[in-house]
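Raw contents of my_file_39.txt, compact mmCIF, C-alpha atoms:
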# COMPACT_ATOMS: atom_id res chain seq x y z
CA MET A 18 -59.90 -62.61 -9.83
CA PRO A 19 -58.60 -59.11 -10.62
CA SER A 20 -55.07 -58.97 -11.90
CA VAL A 21 -52.46 -57.68 -9.51
CA GLU A 22 -49.60 -55.57 -10.78
CA LEU A 23 -46.44 -56.65 -9.04
CA GLU A 24 -43.96 -54.06 -7.89
CA PRO A 25 -40.45 -54.61 -9.26
CA ILE A 26 -38.06 -56.11 -6.77
CA VAL A 27 -35.36 -53.62 -5.86
CA ILE A 28 -32.22 -54.92 -4.21
CA ALA A 29 -30.69 -52.21 -2.07
CA GLU A 30 -27.07 -51.48 -2.84
CA SER A 31 -24.97 -52.68 0.07
CA TRP A 32 -22.37 -50.54 1.79
CA ALA A 33 -19.66 -52.84 0.46
CA GLU A 34 -20.77 -51.98 -3.09
CA SER A 35 -21.50 -48.29 -2.68
CA TRP A 36 -18.64 -46.90 -0.60
CA LYS A 37 -16.26 -46.30 -3.51
CA PRO A 38 -18.56 -44.20 -5.74
CA HIS A 39 -19.82 -42.29 -2.69
CA LEU A 40 -16.30 -41.53 -1.49
CA ALA A 41 -15.04 -40.64 -4.98
CA GLY A 42 -17.93 -38.23 -5.45
CA LEU A 43 -17.43 -36.66 -2.03
CA LEU A 44 -13.68 -36.07 -2.37
CA SER A 45 -14.03 -34.71 -5.91
CA GLN A 46 -16.34 -32.02 -4.51
CA VAL A 47 -14.17 -31.24 -1.49
CA VAL A 48 -10.89 -30.89 -3.44
CA SER A 49 -10.95 -29.70 -7.04
CA CYS A 50 -9.61 -32.36 -9.41
CA ASP A 51 -10.07 -33.63 -12.94
CA ARG A 52 -10.49 -37.18 -11.72
CA CYS A 53 -10.88 -38.85 -8.34
CA VAL A 54 -10.52 -42.64 -8.27
CA VAL A 55 -11.16 -44.94 -5.31
CA TYR A 56 -9.67 -48.43 -5.34
CA GLU A 57 -8.97 -51.47 -3.21
CA VAL A 58 -5.55 -53.00 -2.55
CA ASP A 59 -5.28 -56.77 -2.87
CA SER A 60 -3.00 -59.16 -0.99
CA GLU A 61 -0.27 -58.63 -3.60
CA LEU A 62 -0.46 -54.85 -3.09
CA ASN A 63 -2.04 -54.20 -6.48
CA ALA A 64 -4.62 -51.44 -6.86
CA ILE A 65 -7.81 -53.13 -8.11
CA GLY A 66 -11.50 -52.32 -8.56
CA HIS A 67 -10.99 -48.71 -9.64
CA VAL A 68 -14.10 -46.53 -9.39
CA PRO A 69 -13.72 -43.00 -10.87
CA HIS A 70 -16.04 -40.22 -9.75
CA ASP A 71 -16.93 -39.38 -13.36
CA GLY A 72 -17.76 -42.96 -14.37
CA ASN A 73 -15.09 -42.98 -17.10
CA HIS A 74 -13.46 -46.44 -17.07
CA ARG A 75 -11.84 -46.25 -20.51
CA TRP A 76 -8.34 -45.78 -19.10
CA VAL A 77 -8.55 -48.59 -16.50
CA SER A 78 -7.64 -51.49 -18.78
CA LYS A 79 -4.63 -49.62 -20.17
CA TYR A 80 -3.47 -48.78 -16.64
CA HIS A 81 -3.70 -52.40 -15.47
CA ARG A 82 -2.02 -53.88 -18.53
CA HIS A 83 0.86 -51.47 -19.05
CA PHE A 84 1.31 -48.94 -16.25
CA MET A 85 0.24 -50.27 -12.85
CA ASP A 86 3.66 -51.84 -12.16
CA ILE A 87 5.62 -48.70 -13.10
CA ASP A 88 3.45 -46.14 -11.32
CA PRO A 89 5.93 -44.35 -8.99
CA MET A 90 3.14 -43.72 -6.47
CA ARG A 91 1.61 -47.22 -6.51
CA PRO A 92 0.58 -48.76 -3.16
CA ALA A 93 3.39 -51.36 -3.16
CA ASN A 94 5.99 -48.58 -2.90
CA PHE A 95 4.48 -47.33 0.37
CA ALA A 96 3.30 -50.54 2.04
CA ALA A 97 6.19 -50.58 4.52
CA LYS A 98 5.97 -46.86 5.24
CA ARG A 99 3.54 -44.95 7.41
CA GLU A 100 2.63 -42.12 5.04
CA SER A 101 -1.07 -41.95 4.35
CA LEU A 102 -0.93 -39.06 1.87
CA ILE A 103 1.54 -38.61 -1.00
CA VAL A 104 1.32 -35.44 -3.11
CA THR A 105 3.51 -34.29 -5.98
CA GLY A 106 5.31 -31.08 -5.11
CA TRP A 107 4.77 -31.63 -1.37
CA ASN A 108 6.34 -34.87 -0.14
CA PHE A 109 6.98 -36.43 -3.57
CA ALA A 110 9.23 -34.54 -6.00
CA ALA A 111 7.21 -33.40 -9.00
CA ASP A 112 10.14 -33.91 -11.38
CA ARG A 113 10.54 -37.48 -10.16
CA LEU A 114 7.05 -38.21 -11.48
CA GLN A 115 7.45 -36.14 -14.63
CA ARG A 116 10.70 -37.88 -15.62
CA SER A 117 9.05 -41.30 -15.41
CA SER A 118 7.81 -43.42 -18.30
CA TYR A 119 4.53 -43.65 -16.38
CA TYR A 120 3.97 -39.91 -16.67
CA GLU A 121 5.17 -39.60 -20.26
CA ASN A 122 3.12 -42.48 -21.63
CA PHE A 123 0.07 -42.56 -19.35
CA MET A 124 -0.57 -39.34 -17.44
CA ARG A 125 0.55 -36.85 -20.08
CA PRO A 126 -1.68 -38.24 -22.89
CA LEU A 127 -4.60 -37.94 -20.46
CA GLY A 128 -3.73 -34.31 -19.79
CA GLN A 129 -2.74 -34.98 -16.18
CA LEU A 130 0.23 -33.40 -14.41
CA HIS A 131 -0.39 -33.24 -10.66
CA LYS A 132 -1.25 -36.23 -8.50
CA ALA A 133 -2.21 -37.04 -4.92
CA GLU A 134 -2.44 -40.54 -3.48
CA MET A 135 -4.26 -41.28 -0.21
CA PHE A 136 -3.83 -44.70 1.42
CA PHE A 137 -6.04 -46.67 3.81
CA ARG A 138 -4.79 -49.29 6.25
CA GLY A 139 -6.51 -51.91 8.35
CA PRO A 140 -5.92 -52.43 12.09
CA SER A 141 -2.85 -54.57 11.33
CA GLY A 142 -1.32 -51.80 9.21
CA ARG A 143 -1.88 -53.64 5.92
CA LEU A 144 -2.93 -51.49 2.96
CA ILE A 145 -6.57 -52.13 2.06
CA GLY A 146 -7.40 -49.31 -0.34
CA GLY A 147 -6.72 -45.83 -1.54
CA VAL A 148 -7.76 -42.74 -3.46
CA ARG A 149 -6.01 -41.13 -6.42
CA LEU A 150 -6.68 -37.50 -7.33
CA SER A 151 -5.20 -35.98 -10.47
CA ARG A 152 -5.45 -32.73 -12.33
CA SER A 153 -4.01 -30.89 -15.29
CA SER A 154 -1.31 -28.25 -15.51
CA HIS A 155 -4.07 -25.70 -16.09
CA ALA A 156 -5.59 -26.52 -12.69
CA GLY A 157 -2.21 -26.14 -11.00
CA PRO A 158 -0.58 -28.13 -8.18
CA PHE A 159 -2.43 -28.99 -5.00
CA ALA A 160 -2.26 -26.00 -2.65
CA GLY A 161 -1.24 -26.20 0.99
CA SER A 162 -4.82 -25.62 2.11
CA GLU A 163 -6.01 -28.47 -0.10
CA ILE A 164 -3.34 -30.81 1.24
CA SER A 165 -4.38 -29.92 4.80
CA LEU A 166 -7.97 -30.67 3.86
CA LEU A 167 -6.99 -34.06 2.42
CA GLN A 168 -5.03 -34.83 5.59
CA SER A 169 -8.07 -34.06 7.72
CA MET A 170 -10.29 -36.14 5.44
CA GLN A 171 -7.99 -39.20 5.43
CA PRO A 172 -9.21 -40.72 8.74
CA VAL A 173 -12.83 -40.25 7.64
CA ALA A 174 -12.18 -41.80 4.23
CA GLU A 175 -10.26 -44.66 5.85
CA SER A 176 -13.26 -45.39 8.05
CA PHE A 177 -15.34 -45.79 4.87
CA ALA A 178 -12.88 -48.41 3.65
CA LEU A 179 -12.74 -50.20 6.99
CA GLN A 180 -16.52 -50.34 7.21
CA ALA A 181 -16.60 -51.91 3.75
CA VAL A 182 -14.03 -54.50 4.82
CA ASN A 183 -16.01 -55.28 7.95
CA SER A 184 -19.21 -55.64 5.94
CA GLY A 185 -17.62 -58.43 3.96
CA LEU A 186 -16.21 -56.80 0.84
CA ARG A 187 -12.91 -58.62 1.16
CA GLU A 188 -13.92 -61.50 3.38
CA ARG A 189 -14.77 -64.91 2.04
CA SER A 190 -15.46 -68.20 3.72
CA GLY A 191 -16.79 -71.66 3.13
CA HIS A 192 -17.00 -72.56 -0.55
CA PHE A 193 -15.03 -69.46 -1.57
CA ASN A 194 -11.87 -69.99 0.49
CA SER A 195 -10.16 -71.79 -2.39
CA LEU A 196 -10.43 -68.81 -4.76
CA THR A 197 -7.65 -66.35 -5.48
CA GLU A 198 -8.22 -62.62 -4.92
CA ARG A 199 -8.99 -62.04 -8.59
CA GLU A 200 -11.26 -65.09 -8.87
CA TRP A 201 -13.14 -63.89 -5.80
CA GLU A 202 -13.60 -60.43 -7.30
CA VAL A 203 -14.81 -61.92 -10.59
CA VAL A 204 -17.41 -64.20 -8.99
CA CYS A 205 -18.68 -61.33 -6.81
CA TRP A 206 -19.36 -59.25 -9.92
CA ALA A 207 -20.85 -62.26 -11.70
CA ALA A 208 -23.17 -62.99 -8.78
CA LYS A 209 -24.40 -59.38 -8.94
CA GLY A 210 -25.53 -60.01 -12.52
CA LEU A 211 -22.78 -58.28 -14.49
CA SER A 212 -21.93 -59.65 -17.92
CA ASN A 213 -18.38 -60.72 -18.73
CA LYS A 214 -17.91 -57.52 -20.74
CA GLU A 215 -19.12 -55.39 -17.83
CA ILE A 216 -16.76 -57.23 -15.49
CA CYS A 217 -13.90 -56.37 -17.86
CA GLY A 218 -14.72 -52.69 -17.43
CA LYS A 219 -14.91 -52.95 -13.65
CA MET A 220 -11.64 -54.85 -13.27
CA GLY A 221 -9.65 -53.34 -16.12
CA THR A 222 -8.82 -56.72 -17.66
CA SER A 223 -9.41 -58.35 -21.03
CA LEU A 224 -12.43 -60.48 -21.91
CA PRO A 225 -10.36 -63.70 -22.30
CA THR A 226 -8.85 -63.10 -18.83
CA VAL A 227 -12.27 -62.68 -17.24
CA LYS A 228 -13.59 -65.79 -18.97
CA SER A 229 -10.56 -67.76 -17.81
CA GLN A 230 -10.91 -66.55 -14.20
CA ILE A 231 -14.61 -67.42 -14.14
CA ALA A 232 -13.88 -70.87 -15.59
CA HIS A 233 -11.18 -71.53 -12.98
CA ALA A 234 -13.45 -70.32 -10.17
CA PHE A 235 -16.37 -72.45 -11.37
CA ARG A 236 -14.14 -75.54 -11.48
CA LYS A 237 -12.96 -74.90 -7.92
CA LEU A 238 -16.56 -74.34 -6.78
CA ARG A 239 -17.76 -77.39 -8.74
CA ILE A 240 -20.50 -75.47 -10.51
CA ARG A 241 -21.37 -74.85 -14.16
CA ARG A 242 -23.89 -72.00 -14.20
CA ARG A 243 -24.28 -68.57 -12.64
CA ALA A 244 -27.55 -69.65 -11.04
CA GLU A 245 -25.56 -72.18 -9.04
CA LEU A 246 -23.10 -69.44 -8.09
CA ILE A 247 -25.89 -67.26 -6.70
CA SER A 248 -27.18 -70.23 -4.71
CA LEU A 249 -23.71 -70.67 -3.20
CA PHE A 250 -23.63 -67.04 -2.11
CA HIS A 251 -27.00 -67.36 -0.42
CA SER A 252 -26.10 -70.63 1.30
CA SER A 253 -22.80 -69.19 2.54
CA GLY A 254 -24.29 -65.91 3.71
CA ASP A 255 -21.71 -63.97 1.69
CA GLN A 256 -24.10 -61.64 -0.12
For this file, write the structure as structure tokens.
Amino acid sequence: MPSVELEPIVIAESWAESWKPHLAGLLSQVVSCDRCVVYEVDSELNAIGHVPHDGNHRWVSKYHRHFMDIDPMRPANFAAKRESLIVTGWNFAADRLQRSSYYENFMRPLGQLHKAEMFFRGPSGRLIGGVRLSRSSHAGPFAGSEISLLQSMQPVAESFALQAVNSGLRERSGHFNSLTEREWEVVCWAAKGLSNKEICGKMGTSLPTVKSQIAHAFRKLRIRRRAELISLFHSSGDQ
């Protein structure tokens, strides 16, 4: 019997996985910026799952560990408000940001000065995600025409986020109901085949934290190996 060369199996990237890099890339081309980052907002109003348009994740861990809670433009500060776009020098005083420890110790070392934050809400009004655009003093503040463009893009970008939510990015059922938000995020990455170190880069957390979250999740799910985790996803219809 002649040998048959098998074609490699290619698993198509789902919308829930691809919306953030697609949106980050799109907005970075529409409005000039040094970095465009798309993220989700968890139930505790933390920005998680940062995806930068340039693929540079080196700053993510530092942001999560030391600066997320003191970011003057973080999602939690606007959860009860209706603004969907916050821009320094427009509706957020530039000196308020520049006087902050966040700017001095995080943005300034990265060469960033100007910042825009776009928020996405679900039908209930709860924050589900956002976009952060930043640029240097050399690039200058966001111009009125650019702000208008971001305002017009916000409903379109929000629809990207809502479609991801509806496709199951943040929904879990069955076996996975007992997991916390972070445990759920960890097992999703693990089920996609990422190593613990790669998960650290995606989530901006330390290796011991990821290992601990996986261990806790596995105990709750009553499994010991990743192969069993993948089987659970298939049986629950959550992949």
* Neighbours of region 130-133 of chain A within 8 Å (all atoms listed in the file; same-chain residues fewer than 3 positions away dropped), as a ChimeraX atom specification? -> /A:102-105,111,115,120,124-125,149-154,157-159
* Asked: Of the candidates A:Ser60, A:Ser118, A:Ser212, A:Gln171, which shows the shortest atom-to-atom distance to Arg243 (chain A), using all atoms listed in the file?
  -> A:Ser212
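The gap separating CA of Pro69 (chain A) from CA of Pro38 (chain A) is 7.2 Å, in Å to one decimal.
Of the residues listed (A:Leu114, A:Ala232, A:Leu144, A:Val227), A:Leu144 shows the shortest atom-to-atom separation from Glu175 (chain A); distances use only C-alpha atoms.
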* Proximity to Val203 (chain A) - best of A:Gly66, A:Leu127, A:Ser101, A:Arg75, only C-alpha atoms -> A:Gly66
* Asked: For Arg91 (chain A), which of A:Pro225, A:Gly147, A:Gly218, A:Gly161 is the closest residue, counting all atoms listed in the file?
  -> A:Gly147
* Structure fact -> For Pro89 (chain A), the closest of A:Glu134, A:Val58, A:His67, A:Cys53 counting only C-alpha atoms is A:Glu134
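A straight line drawn from CA of Ala207 (chain A) to CA of Ser195 (chain A) is 17.1 Å long.
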